[in-house]
>>> print(open('target-v9.tsv').read())   # TSV, C-alpha atoms
chain	number	residue	atom	x	y	z
A	1	MET	CA	-1.85	1.17	41.34
A	2	TYR	CA	-0.43	3.69	38.85
A	3	ILE	CA	1.34	0.98	36.86
A	4	SER	CA	-1.83	-1.13	36.83
A	5	GLY	CA	-3.89	1.81	35.60
A	6	LEU	CA	-1.34	2.66	32.91
A	7	LEU	CA	-1.27	-0.96	31.77
A	8	THR	CA	-5.07	-1.07	31.58
A	9	TYR	CA	-5.13	2.19	29.63
A	10	THR	CA	-2.46	0.90	27.23
A	11	LEU	CA	-4.32	-2.37	26.62
A	12	ASN	CA	-7.57	-0.48	26.05
A	13	ILE	CA	-5.87	1.78	23.50
A	14	MET	CA	-4.39	-1.23	21.70
A	15	MET	CA	-7.72	-3.08	21.64
A	16	LYS	CA	-9.63	0.00	20.48
A	17	THR	CA	-7.08	0.65	17.73
A	18	VAL	CA	-7.25	-2.93	16.48
A	19	LEU	CA	-11.07	-3.01	16.61
A	20	ASP	CA	-11.26	0.31	14.76
A	21	TYR	CA	-8.85	-1.09	12.19
A	22	LEU	CA	-10.95	-4.22	11.66
A	23	SER	CA	-13.85	-2.38	10.09
A	24	VAL	CA	-16.04	-4.16	7.54
A	25	ASN	CA	-14.65	-2.08	4.68
A	26	ARG	CA	-11.04	-2.74	5.63
A	27	LEU	CA	-11.61	-6.46	6.11
A	28	ILE	CA	-13.22	-6.67	2.67
A	29	ALA	CA	-10.37	-4.67	1.15
A	30	LEU	CA	-7.72	-6.82	2.82
A	31	THR	CA	-9.50	-10.02	1.82
A	32	PHE	CA	-9.49	-9.10	-1.85
A	33	ALA	CA	-5.95	-7.75	-1.66
A	34	PHE	CA	-4.90	-11.19	-0.41
A	35	LEU	CA	-7.02	-12.90	-3.07
A	36	MET	CA	-5.42	-10.77	-5.78
A	37	ALA	CA	-2.03	-11.67	-4.35
A	38	GLY	CA	-2.89	-15.35	-4.35
A	39	GLY	CA	-4.05	-14.99	-7.95
A	40	ILE	CA	-0.75	-13.38	-8.93
A	41	SER	CA	1.10	-16.31	-7.41
A	42	THR	CA	-0.97	-19.01	-9.09
A	43	MET	CA	-2.75	-17.61	-12.14
A	44	ILE	CA	-0.24	-15.34	-13.85
A	45	ASN	CA	2.52	-16.91	-15.93
A	46	LYS	CA	6.00	-16.29	-14.53
A	47	GLU	CA	7.26	-14.94	-17.82
A	48	PHE	CA	4.59	-12.23	-17.73
A	49	ILE	CA	5.72	-11.12	-14.27
A	50	LEU	CA	9.38	-11.14	-15.24
A	51	LYS	CA	8.59	-9.28	-18.45
A	52	TYR	CA	7.67	-6.16	-16.49
A	53	PHE	CA	9.18	-6.63	-13.03
A	54	GLY	CA	12.20	-8.86	-13.67
A	55	PRO	CA	15.87	-7.81	-13.52
A	56	ASP	CA	16.29	-8.08	-17.32
A	57	THR	CA	13.42	-5.73	-18.16
A	58	PRO	CA	14.46	-2.30	-19.51
A	59	LYS	CA	14.26	0.14	-16.62
A	60	ARG	CA	12.19	2.65	-18.58
A	61	ILE	CA	9.48	-0.02	-18.88
A	62	SER	CA	9.60	-1.73	-15.50
A	63	TYR	CA	9.65	1.44	-13.40
A	64	LEU	CA	7.02	3.17	-15.50
A	65	VAL	CA	4.72	0.15	-15.21
A	66	ALA	CA	5.29	0.02	-11.44
A	67	ALA	CA	4.54	3.73	-11.00
A	68	VAL	CA	1.45	3.64	-13.22
A	69	SER	CA	0.22	0.53	-11.40
A	70	GLY	CA	0.37	2.53	-8.19
A	71	CYS	CA	-1.85	5.21	-9.71
A	72	ILE	CA	-4.76	2.81	-10.20
A	73	LEU	CA	-4.48	0.96	-6.89
A	74	ALA	CA	-6.43	2.82	-4.20
A	75	VAL	CA	-4.74	0.94	-1.37
A	76	CYS	CA	-2.96	1.77	1.85
A	77	SER	CA	0.52	0.69	2.92
A	78	CYS	CA	-0.90	-2.53	4.37
A	79	THR	CA	-3.14	-3.67	1.53
A	80	ILE	CA	-0.34	-3.21	-1.01
A	81	LEU	CA	1.82	-5.69	0.92
A	82	PRO	CA	0.18	-8.93	-0.28
A	83	LEU	CA	0.52	-7.81	-3.91
A	84	VAL	CA	4.16	-6.79	-3.53
A	85	THR	CA	4.96	-9.98	-1.61
A	86	SER	CA	3.56	-12.11	-4.41
A	87	LEU	CA	5.47	-10.22	-7.09
A	88	TYR	CA	8.70	-10.60	-5.13
A	89	LYS	CA	8.10	-14.30	-4.49
A	90	ARG	CA	7.43	-14.78	-8.20
A	91	GLY	CA	10.84	-13.37	-9.10
A	92	GLY	CA	10.09	-9.66	-9.40
A	93	SER	CA	13.13	-7.40	-9.23
A	94	ILE	CA	13.69	-5.45	-6.02
A	95	GLY	CA	13.72	-2.08	-7.85
A	96	PRO	CA	10.33	-2.17	-9.62
A	97	VAL	CA	8.76	-4.04	-6.68
A	98	THR	CA	9.75	-1.32	-4.18
A	99	THR	CA	8.64	1.32	-6.69
A	100	LEU	CA	5.19	-0.29	-6.58
A	101	LEU	CA	5.42	-0.60	-2.78
A	102	PHE	CA	5.80	3.17	-2.52
A	103	SER	CA	3.57	4.19	-5.41
A	104	GLY	CA	0.57	2.07	-4.41
A	105	PRO	CA	-0.31	4.07	-1.28
A	106	ALA	CA	1.33	7.38	-2.29
A	107	ILE	CA	0.06	7.98	-5.83
A	108	ASN	CA	-3.43	6.48	-5.92
A	109	ILE	CA	-5.85	8.72	-7.79
A	110	LEU	CA	-8.36	9.01	-4.94
A	111	ALA	CA	-5.72	10.31	-2.52
A	112	ILE	CA	-4.38	12.87	-5.00
A	113	PHE	CA	-7.84	14.25	-5.84
A	114	TYR	CA	-8.83	14.28	-2.18
A	115	SER	CA	-5.65	16.19	-1.28
A	116	ALA	CA	-6.36	18.74	-4.00
A	117	ALA	CA	-9.97	19.14	-2.83
A	118	VAL	CA	-8.95	19.74	0.80
A	119	PHE	CA	-5.64	21.60	0.52
A	120	GLY	CA	-5.83	23.13	-2.94
A	121	TRP	CA	-4.36	22.09	-6.26
A	122	ASP	CA	-0.91	23.47	-5.44
A	123	ILE	CA	-0.43	20.90	-2.68
A	124	GLY	CA	-2.33	18.24	-4.62
A	125	PHE	CA	-0.14	18.68	-7.70
A	126	LEU	CA	3.10	18.73	-5.70
A	127	ARG	CA	2.09	15.61	-3.82
A	128	ALA	CA	1.46	13.76	-7.08
A	129	LEU	CA	4.71	15.01	-8.61
A	130	TYR	CA	6.79	14.05	-5.57
A	131	ALA	CA	5.13	10.66	-5.23
A	132	ILE	CA	5.68	9.63	-8.85
A	133	THR	CA	9.26	10.90	-8.88
A	134	PHE	CA	10.19	9.42	-5.50
A	135	SER	CA	8.70	6.02	-6.28
A	136	ILE	CA	11.09	5.69	-9.21
A	137	ILE	CA	14.05	7.13	-7.29
A	138	ILE	CA	13.45	4.69	-4.41
A	139	GLY	CA	13.23	1.76	-6.81
A	140	LEU	CA	16.42	2.77	-8.63
A	141	ALA	CA	18.25	3.24	-5.32
A	142	MET	CA	17.14	-0.18	-4.05
A	143	GLU	CA	18.27	-1.69	-7.35
A	144	LEU	CA	21.63	0.06	-7.02
A	145	PHE	CA	22.17	-1.16	-3.46
A	146	PHE	CA	20.78	-4.69	-3.78
A	147	GLY	CA	20.52	-5.43	-7.51
A	148	ARG	CA	23.37	-7.94	-7.67
A	149	GLU	CA	22.12	-9.81	-4.61
A	150	ASP	CA	18.59	-9.79	-6.01
A	151	ARG	CA	19.62	-11.20	-9.38
A	152	LYS	CA	21.21	-14.13	-7.58
A	153	ARG	CA	17.94	-14.67	-5.70
A	154	VAL	CA	15.93	-14.73	-8.94
A	155	GLU	CA	18.39	-17.13	-10.58
A	156	SER	CA	18.59	-19.46	-7.60
A	157	LYS	CA	17.04	-22.88	-7.80
A	158	GLY	CA	14.95	-22.24	-4.70
A	159	ILE	CA	13.10	-19.40	-6.41
A	160	ARG	CA	12.72	-21.42	-9.59
A	161	ARG	CA	11.17	-24.32	-7.72
A	162	SER	CA	8.78	-22.10	-5.81
A	163	VAL	CA	7.43	-20.49	-8.96
A	164	ARG	CA	4.24	-22.18	-10.13
A	165	SER	CA	1.93	-21.52	-13.03
A	166	ILE	CA	-1.04	-23.89	-13.00
A	167	THR	CA	-3.11	-22.27	-15.71
A	168	SER	CA	-2.78	-20.99	-19.25
A	169	LYS	CA	-6.08	-19.17	-19.64
A	170	PRO	CA	-6.83	-16.77	-22.50
A	171	TRP	CA	-5.49	-13.33	-21.66
A	172	TYR	CA	-8.94	-11.75	-21.49
A	173	GLN	CA	-10.10	-14.22	-18.82
A	174	THR	CA	-7.10	-13.45	-16.64
A	175	LEU	CA	-7.62	-9.72	-17.21
A	176	ILE	CA	-11.30	-9.90	-16.23
A	177	PHE	CA	-10.48	-12.06	-13.18
A	178	PHE	CA	-8.14	-9.41	-11.78
A	179	LEU	CA	-10.14	-6.43	-13.02
A	180	ILE	CA	-13.20	-7.51	-11.03
A	181	GLN	CA	-11.10	-7.79	-7.87
A	182	LEU	CA	-9.50	-4.41	-8.56
A	183	LEU	CA	-12.96	-2.86	-8.97
A	184	ILE	CA	-13.98	-4.37	-5.64
A	185	LEU	CA	-10.92	-2.78	-4.01
A	186	LEU	CA	-11.61	0.59	-5.64
A	187	THR	CA	-15.28	0.48	-4.64
A	188	ILE	CA	-14.84	-0.56	-1.03
A	189	THR	CA	-12.03	1.93	-0.38
A	190	ALA	CA	-13.70	4.87	-2.16
A	191	SER	CA	-14.74	7.78	0.00
A	192	PRO	CA	-18.27	9.24	-0.26
A	193	LYS	CA	-16.55	12.63	-0.54
A	194	PHE	CA	-15.60	11.62	-4.07
A	195	ALA	CA	-19.19	11.31	-5.26
A	196	PRO	CA	-19.14	14.77	-6.91
A	197	PHE	CA	-16.05	13.74	-8.93
A	198	LEU	CA	-17.57	10.39	-9.90
A	199	ASN	CA	-21.11	11.71	-10.45
A	200	ILE	CA	-22.44	9.10	-8.03
A	201	PRO	CA	-25.42	10.29	-5.93
A	202	ILE	CA	-24.86	9.68	-2.24
A	203	TYR	CA	-27.92	7.95	-0.77
A	204	GLY	CA	-25.85	6.44	2.00
A	205	GLU	CA	-22.65	4.49	2.00
A	206	ILE	CA	-24.47	1.12	2.01
A	207	LEU	CA	-26.37	1.93	-1.20
A	208	THR	CA	-23.31	3.24	-3.03
A	209	LYS	CA	-20.45	1.03	-1.85
A	210	HIS	CA	-21.66	-2.20	-0.33
A	211	VAL	CA	-24.36	-3.01	-2.87
A	212	ILE	CA	-21.91	-2.43	-5.74
A	213	THR	CA	-19.31	-4.51	-3.89
A	214	ALA	CA	-21.82	-7.33	-3.38
A	215	ILE	CA	-22.72	-7.31	-7.08
A	216	LEU	CA	-19.05	-7.46	-8.07
A	217	ILE	CA	-18.45	-10.36	-5.66
A	218	VAL	CA	-21.33	-12.30	-7.23
A	219	VAL	CA	-19.90	-11.60	-10.70
A	220	LEU	CA	-16.47	-12.80	-9.52
A	221	ILE	CA	-17.95	-16.04	-8.15
A	222	ILE	CA	-19.72	-16.70	-11.46
A	223	VAL	CA	-16.57	-15.98	-13.46
A	224	VAL	CA	-14.41	-18.21	-11.26
A	225	LYS	CA	-16.87	-21.11	-11.35
A	226	ARG	CA	-17.26	-20.94	-15.13
A	227	TRP	CA	-13.64	-20.39	-16.15
A	228	TYR	CA	-11.53	-22.16	-13.54
A	229	LYS	CA	-11.15	-25.80	-12.59
A	230	PRO	CA	-11.62	-26.92	-8.96
A	231	GLU	CA	-7.89	-27.58	-8.55
A	232	GLU	CA	-7.09	-24.09	-9.85
A	233	ILE	CA	-9.53	-22.52	-7.41
A	234	LYS	CA	-8.14	-24.60	-4.56
A	235	SER	CA	-4.56	-23.56	-5.37
A	236	TRP	CA	-5.61	-19.89	-5.59
A	237	LEU	CA	-7.37	-19.96	-2.22
A	238	SER	CA	-4.55	-21.96	-0.58
A	239	GLU	CA	-1.92	-19.47	-1.70
A	240	SER	CA	-4.07	-16.58	-0.47
A	241	TYR	CA	-4.42	-18.31	2.91
A	242	VAL	CA	-0.64	-18.77	3.17
A	243	LEU	CA	-0.17	-15.03	2.61
A	244	ILE	CA	-2.84	-14.21	5.20
A	245	LYS	CA	-1.11	-16.38	7.81
A	246	MET	CA	2.22	-14.72	7.09
A	247	ILE	CA	1.15	-11.08	6.88
A	248	PHE	CA	-2.10	-10.50	8.81
A	249	PRO	CA	-0.71	-11.14	12.35
A	250	LEU	CA	2.07	-8.65	11.67
A	251	LEU	CA	-0.48	-6.09	10.51
A	252	ILE	CA	-2.45	-6.42	13.75
A	253	ILE	CA	0.68	-6.11	15.91
A	254	GLY	CA	1.83	-3.10	13.94
A	255	VAL	CA	-1.56	-1.38	14.07
A	256	ALA	CA	-1.68	-1.82	17.85
A	257	ILE	CA	1.80	-0.29	18.24
A	258	ALA	CA	0.90	2.57	15.91
A	259	GLY	CA	-2.19	3.22	18.05
A	260	LEU	CA	0.00	3.56	21.13
A	261	ILE	CA	2.26	6.03	19.35
A	262	SER	CA	-0.76	8.10	18.32
A	263	ALA	CA	-2.16	8.00	21.87
A	264	PHE	CA	1.05	9.02	23.66
A	265	LEU	CA	2.03	11.65	21.09
A	266	PRO	CA	-1.05	13.89	20.80
A	267	PRO	CA	-1.40	16.25	17.82
A	268	GLN	CA	-0.98	19.35	20.01
A	269	TYR	CA	2.41	18.12	21.20
A	270	ILE	CA	3.53	17.23	17.68
A	271	SER	CA	2.41	20.52	16.19
A	272	GLU	CA	4.54	22.40	18.71
A	273	TYR	CA	7.65	20.99	17.05
A	274	VAL	CA	6.52	21.01	13.42
A	275	GLY	CA	5.06	24.47	13.08
A	276	GLY	CA	8.00	25.83	11.12
A	277	ASN	CA	9.91	24.64	8.09
A	278	SER	CA	13.28	23.54	9.40
A	279	ILE	CA	15.05	20.38	8.28
A	280	PHE	CA	14.50	19.02	11.80
A	281	SER	CA	10.73	19.63	11.79
A	282	ASN	CA	10.35	17.98	8.40
A	283	PHE	CA	12.53	15.04	9.46
A	284	ILE	CA	10.57	14.47	12.67
A	285	THR	CA	7.27	14.60	10.77
A	286	SER	CA	8.57	12.19	8.12
A	287	LEU	CA	9.84	9.75	10.73
A	288	LEU	CA	6.64	9.82	12.77
A	289	GLY	CA	4.56	9.49	9.60
A	290	ALA	CA	6.62	6.51	8.51
A	291	LEU	CA	5.93	4.74	11.81
A	292	MET	CA	2.24	5.54	12.27
A	293	TYR	CA	-0.44	3.71	10.31
A	294	PHE	CA	-2.66	5.70	7.93
A	295	ALA	CA	-5.49	3.88	6.18
A	296	THR	CA	-6.24	5.02	2.64
A	297	LEU	CA	-7.26	8.72	2.61
A	298	THR	CA	-7.18	9.09	6.42
A	299	GLU	CA	-3.90	11.00	6.18
A	300	VAL	CA	-5.75	13.95	4.58
A	301	PRO	CA	-8.11	14.84	7.46
A	302	ILE	CA	-5.36	14.11	10.00
A	303	VAL	CA	-2.93	16.47	8.27
A	304	LYS	CA	-5.69	19.06	7.85
A	305	ALA	CA	-6.36	18.94	11.61
A	306	LEU	CA	-2.65	19.30	12.36
A	307	MET	CA	-2.37	22.26	9.97
A	308	ASP	CA	-5.31	23.90	11.74
A	309	LEU	CA	-3.33	23.48	14.97
A	310	GLY	CA	-0.29	25.19	13.46
A	311	MET	CA	1.62	22.59	11.45
A	312	GLY	CA	3.60	24.17	8.62
A	313	VAL	CA	2.89	23.37	5.00
A	314	GLY	CA	6.34	21.76	4.62
A	315	PRO	CA	5.93	19.21	7.43
A	316	ALA	CA	2.37	18.65	6.20
A	317	MET	CA	3.70	17.61	2.79
A	318	ALA	CA	6.31	15.39	4.45
A	319	LEU	CA	3.54	13.65	6.40
A	320	LEU	CA	1.34	13.29	3.30
A	321	LEU	CA	4.19	11.44	1.58
A	322	ALA	CA	5.68	9.36	4.39
A	323	GLY	CA	2.44	8.60	6.24
A	324	PRO	CA	0.55	6.57	3.63
A	325	SER	CA	3.70	4.97	2.19
A	326	LEU	CA	5.03	3.39	5.36
A	327	SER	CA	3.91	2.16	8.75
A	328	ILE	CA	5.11	-0.18	11.46
A	329	PRO	CA	3.13	-3.05	9.86
A	330	THR	CA	4.85	-2.34	6.54
A	331	VAL	CA	8.32	-2.29	8.10
A	332	LEU	CA	7.68	-5.53	10.00
A	333	THR	CA	6.34	-7.28	6.93
A	334	ILE	CA	8.97	-6.21	4.40
A	335	SER	CA	11.64	-7.13	6.95
A	336	ARG	CA	10.32	-10.66	6.79
A	337	VAL	CA	9.85	-10.69	3.01
A	338	PHE	CA	12.88	-8.71	1.78
A	339	GLY	CA	15.18	-8.97	4.80
A	340	SER	CA	16.02	-6.47	7.54
A	341	LYS	CA	18.74	-4.66	5.59
A	342	LYS	CA	16.46	-3.93	2.64
A	343	ALA	CA	13.60	-2.89	4.95
A	344	ILE	CA	15.78	-0.42	6.87
A	345	THR	CA	17.16	0.99	3.61
A	346	TYR	CA	13.64	1.44	2.23
A	347	LEU	CA	12.55	3.17	5.45
A	348	ALA	CA	15.56	5.51	5.32
A	349	LEU	CA	14.92	6.41	1.68
A	350	VAL	CA	11.25	7.24	2.33
A	351	VAL	CA	12.09	9.40	5.37
A	352	ILE	CA	14.96	11.25	3.67
A	353	LEU	CA	13.04	11.98	0.46
A	354	SER	CA	9.90	13.02	2.36
A	355	THR	CA	12.01	15.37	4.50
A	356	PHE	CA	13.51	16.91	1.37
A	357	ALA	CA	10.10	17.30	-0.27
A	358	GLY	CA	8.64	18.92	2.84
A	359	TYR	CA	11.47	21.40	3.13
A	360	ILE	CA	11.27	22.40	-0.55
A	361	THR	CA	7.48	22.70	-0.33
A	362	GLY	CA	7.79	24.96	2.70
A	363	ILE	CA	10.11	27.25	0.77
A	364	ILE	CA	7.80	27.33	-2.27
A	365	LEU	CA	4.42	27.73	-0.57
A	366	GLN	CA	5.03	29.43	2.76
>>> encode(input="target-v9.tsv", output="structure tokens")
Amino acid sequence: MYISGLLTYTLNIMMKTVLDYLSVNRLIALTFAFLMAGGISTMINKEFILKYFGPDTPKRISYLVAAVSGCILAVCSCTILPLVTSLYKRGGSIGPVTTLLFSGPAINILAIFYSAAVFGWDIGFLRALYAITFSIIIGLAMELFFGREDRKRVESKGIRRSVRSITSKPWYQTLIFFLIQLLILLTITASPKFAPFLNIPIYGEILTKHVITAILIVVLIIVVKRWYKPEEIKSWLSESYVLIKMIFPLLIIGVAIAGLISAFLPPQYISEYVGGNSIFSNFITSLLGALMYFATLTEVPIVKALMDLGMGVGPAMALLLAGPSLSIPTVLTISRVFGSKKAITYLALVVILSTFAGYITGIILQ
């Protein structure tokens, strides 16, 4: 009877977590993340990708571009995956690609401003500084460990054959095509709490977010129909569908597992072990944050609640860095895309650097 009840409780938690995850906003965000990824695979010339993310690009350019790209993408660790997957499949170098993988969720402007608004500008500034610095360090480390292997991958015939470029549109058309989708992502993931910063009156989330999103979708449809041939559209949608089939099931499995972790490790229990600023408390927080799923901006209220329960400022910073940047869905997916060895190395780098940042922050601010 006990086992049956526990099993029912576990299944209910998993179902509730998945249903909560599949909100309208998140589904829209994921859809356009996949569409952007499919567009990268089919509508951007390979030479353009390799110019900024390839192994022969000067590091000062490729890593800076990757870090800055993260600043403008208001995405979580899951919605960045389709974009990173496409870049990697198109021949992007492991270093800049993993820099973007970390910077996308960790550095986005909305998260930094939200952190500053809730915790103060000291924590907000440190979070931004750590995130930018660590994204580049992680990329350089991945390049150091796997650069030679990755160059062979890019030069291999299999990669060359898989790379396709079916269009040679004017640059402004390609720019507008992706800019509209980026605006849709920014709009649908924006929090109403940011209205004061953006000078947008809040008359309800539907009037501010969904109407704007609907208008942008209509504009995108018009642009696509006027500028792209039917075979180009078909190839774009087909590639997006391939990425959905590969990544989305892993996201759902990972979200369900993360929900179980959250359910069986309540905040009160966690805060008991992360109230100080020891290396151990920061490491535990970083590891747990790297395994649990945090949608864009949700890490801020969660960390605030934990701090109210007694979490130290050091572990809080560790969670702010590791939480949005990694999750079980991310680990599962990059294991499939990059390989298990690269995925484990990336996980270790995020946890170690977040632990270090948390410990230093605790010394500075406590």
>>> residues_around(input="target-v9.tsv", residues="Leu100 of chain A", least_positions_apart="5", cutoff="10 Å", atoms="all atoms listed in the file", output="JSON, numbers by chain")
{"A": [53, 63, 64, 65, 66, 67, 68, 69, 70, 71, 73, 80, 81, 83, 84, 87, 94, 95, 105, 106, 107, 135, 136, 138, 139]}
>>> atom_distance(input="target-v9.tsv", atom1="atom CA of Ile253 of chain A", atom2="atom CA of Ala111 of chain A")
25.5 Å
>>> atom_distance(input="target-v9.tsv", atom1="atom CA of Tyr293 of chain A", atom2="atom CA of Ser327 of chain A")
4.9 Å
>>> residues_near_point(input="target-v9.tsv", point="(3.5, -0.3, 12.7)", cutoff="9 Å", atoms="only C-alpha atoms", output="PyMOL selection string")
chain A and resi 250-259+290-293+326-332
>>> closest_residue(input="target-v9.tsv", among="A:Pro170, A:Gly120, A:Gly339, A:Gly312", to="Tyr88 of chain A", atoms="all atoms listed in the file")
A:Gly339
>>> closest_residue(input="target-v9.tsv", among="A:Leu186, A:Ala357, A:Leu287, A:Ile215", to="Met317 of chain A", atoms="all atoms listed in the file")
A:Ala357
>>> closest_residue(input="target-v9.tsv", among="A:Ser238, A:Thr98, A:Thr213, A:Asn12", to="Leu182 of chain A", atoms="all atoms listed in the file")
A:Thr213
>>> closest_residue(input="target-v9.tsv", among="A:Ile61, A:Ile363, A:Val118, A:Ala33", to="Ile302 of chain A", atoms="only C-alpha atoms")
A:Val118
>>> atom_distance(input="target-v9.tsv", atom1="atom CA of Tyr346 of chain A", atom2="atom CA of Leu101 of chain A")
9.8 Å
>>> closest_residue(input="target-v9.tsv", among="A:Ile284, A:Val224, A:Leu35, A:Ile123", to="Lys169 of chain A", atoms="only C-alpha atoms")
A:Val224
>>> residues_near_point(input="target-v9.tsv", point="(5.9, -13.3, 0.6)", cutoff="12 Å", atoms="only C-alpha atoms", output="ChimeraX atom specification")
/A:34,37-38,40-41,80-92,159,162,239-248,333-339
>>> build_atoms(input="target-v9.tsv", residues="segment 87-98 of chain A", atoms="N, CA, C and O atoms", output="PDB file, in the frame of the given file")
ATOM      1  N   LEU A  87       4.585 -10.567  -5.986  1.00  0.00           N
ATOM      2  CA  LEU A  87       5.470 -10.220  -7.090  1.00  0.00           C
ATOM      3  C   LEU A  87       6.925 -10.582  -6.759  1.00  0.00           C
ATOM      4  O   LEU A  87       7.655 -11.109  -7.604  1.00  0.00           O
ATOM      5  N   TYR A  88       7.329 -10.307  -5.531  1.00  0.00           N
ATOM      6  CA  TYR A  88       8.700 -10.600  -5.130  1.00  0.00           C
ATOM      7  C   TYR A  88       8.949 -12.101  -5.083  1.00  0.00           C
ATOM      8  O   TYR A  88       9.986 -12.587  -5.530  1.00  0.00           O
ATOM      9  N   LYS A  89       7.972 -12.843  -4.542  1.00  0.00           N
ATOM     10  CA  LYS A  89       8.100 -14.300  -4.490  1.00  0.00           C
ATOM     11  C   LYS A  89       8.143 -14.908  -5.891  1.00  0.00           C
ATOM     12  O   LYS A  89       8.774 -15.946  -6.109  1.00  0.00           O
ATOM     13  N   ARG A  90       7.484 -14.264  -6.847  1.00  0.00           N
ATOM     14  CA  ARG A  90       7.430 -14.780  -8.200  1.00  0.00           C
ATOM     15  C   ARG A  90       8.668 -14.403  -9.020  1.00  0.00           C
ATOM     16  O   ARG A  90       8.751 -14.730 -10.200  1.00  0.00           O
ATOM     17  N   GLY A  91       9.607 -13.704  -8.406  1.00  0.00           N
ATOM     18  CA  GLY A  91      10.840 -13.370  -9.100  1.00  0.00           C
ATOM     19  C   GLY A  91      10.936 -11.926  -9.538  1.00  0.00           C
ATOM     20  O   GLY A  91      11.821 -11.574 -10.320  1.00  0.00           O
ATOM     21  N   GLY A  92      10.017 -11.073  -9.069  1.00  0.00           N
ATOM     22  CA  GLY A  92      10.090  -9.660  -9.400  1.00  0.00           C
ATOM     23  C   GLY A  92      11.355  -9.021  -8.868  1.00  0.00           C
ATOM     24  O   GLY A  92      11.838  -9.358  -7.796  1.00  0.00           O
ATOM     25  N   SER A  93      11.903  -8.081  -9.626  1.00  0.00           N
ATOM     26  CA  SER A  93      13.130  -7.400  -9.230  1.00  0.00           C
ATOM     27  C   SER A  93      12.874  -6.424  -8.093  1.00  0.00           C
ATOM     28  O   SER A  93      11.812  -5.793  -8.032  1.00  0.00           O
ATOM     29  N   ILE A  94      13.852  -6.280  -7.211  1.00  0.00           N
ATOM     30  CA  ILE A  94      13.690  -5.450  -6.020  1.00  0.00           C
ATOM     31  C   ILE A  94      13.380  -3.992  -6.359  1.00  0.00           C
ATOM     32  O   ILE A  94      12.621  -3.326  -5.663  1.00  0.00           O
ATOM     33  N   GLY A  95      13.941  -3.472  -7.480  1.00  0.00           N
ATOM     34  CA  GLY A  95      13.720  -2.080  -7.850  1.00  0.00           C
ATOM     35  C   GLY A  95      12.279  -1.779  -8.203  1.00  0.00           C
ATOM     36  O   GLY A  95      11.610  -0.973  -7.542  1.00  0.00           O
ATOM     37  N   PRO A  96      11.735  -2.412  -9.266  1.00  0.00           N
ATOM     38  CA  PRO A  96      10.330  -2.170  -9.620  1.00  0.00           C
ATOM     39  C   PRO A  96       9.348  -2.555  -8.509  1.00  0.00           C
ATOM     40  O   PRO A  96       8.324  -1.902  -8.338  1.00  0.00           O
ATOM     41  N   VAL A  97       9.665  -3.610  -7.755  1.00  0.00           N
ATOM     42  CA  VAL A  97       8.760  -4.040  -6.680  1.00  0.00           C
ATOM     43  C   VAL A  97       8.669  -2.975  -5.596  1.00  0.00           C
ATOM     44  O   VAL A  97       7.578  -2.662  -5.105  1.00  0.00           O
ATOM     45  N   THR A  98       9.795  -2.385  -5.207  1.00  0.00           N
ATOM     46  CA  THR A  98       9.750  -1.320  -4.180  1.00  0.00           C
ATOM     47  C   THR A  98       9.177  -0.027  -4.756  1.00  0.00           C
ATOM     48  O   THR A  98       8.597   0.773  -4.011  1.00  0.00           O
TER      49      THR A  98
END
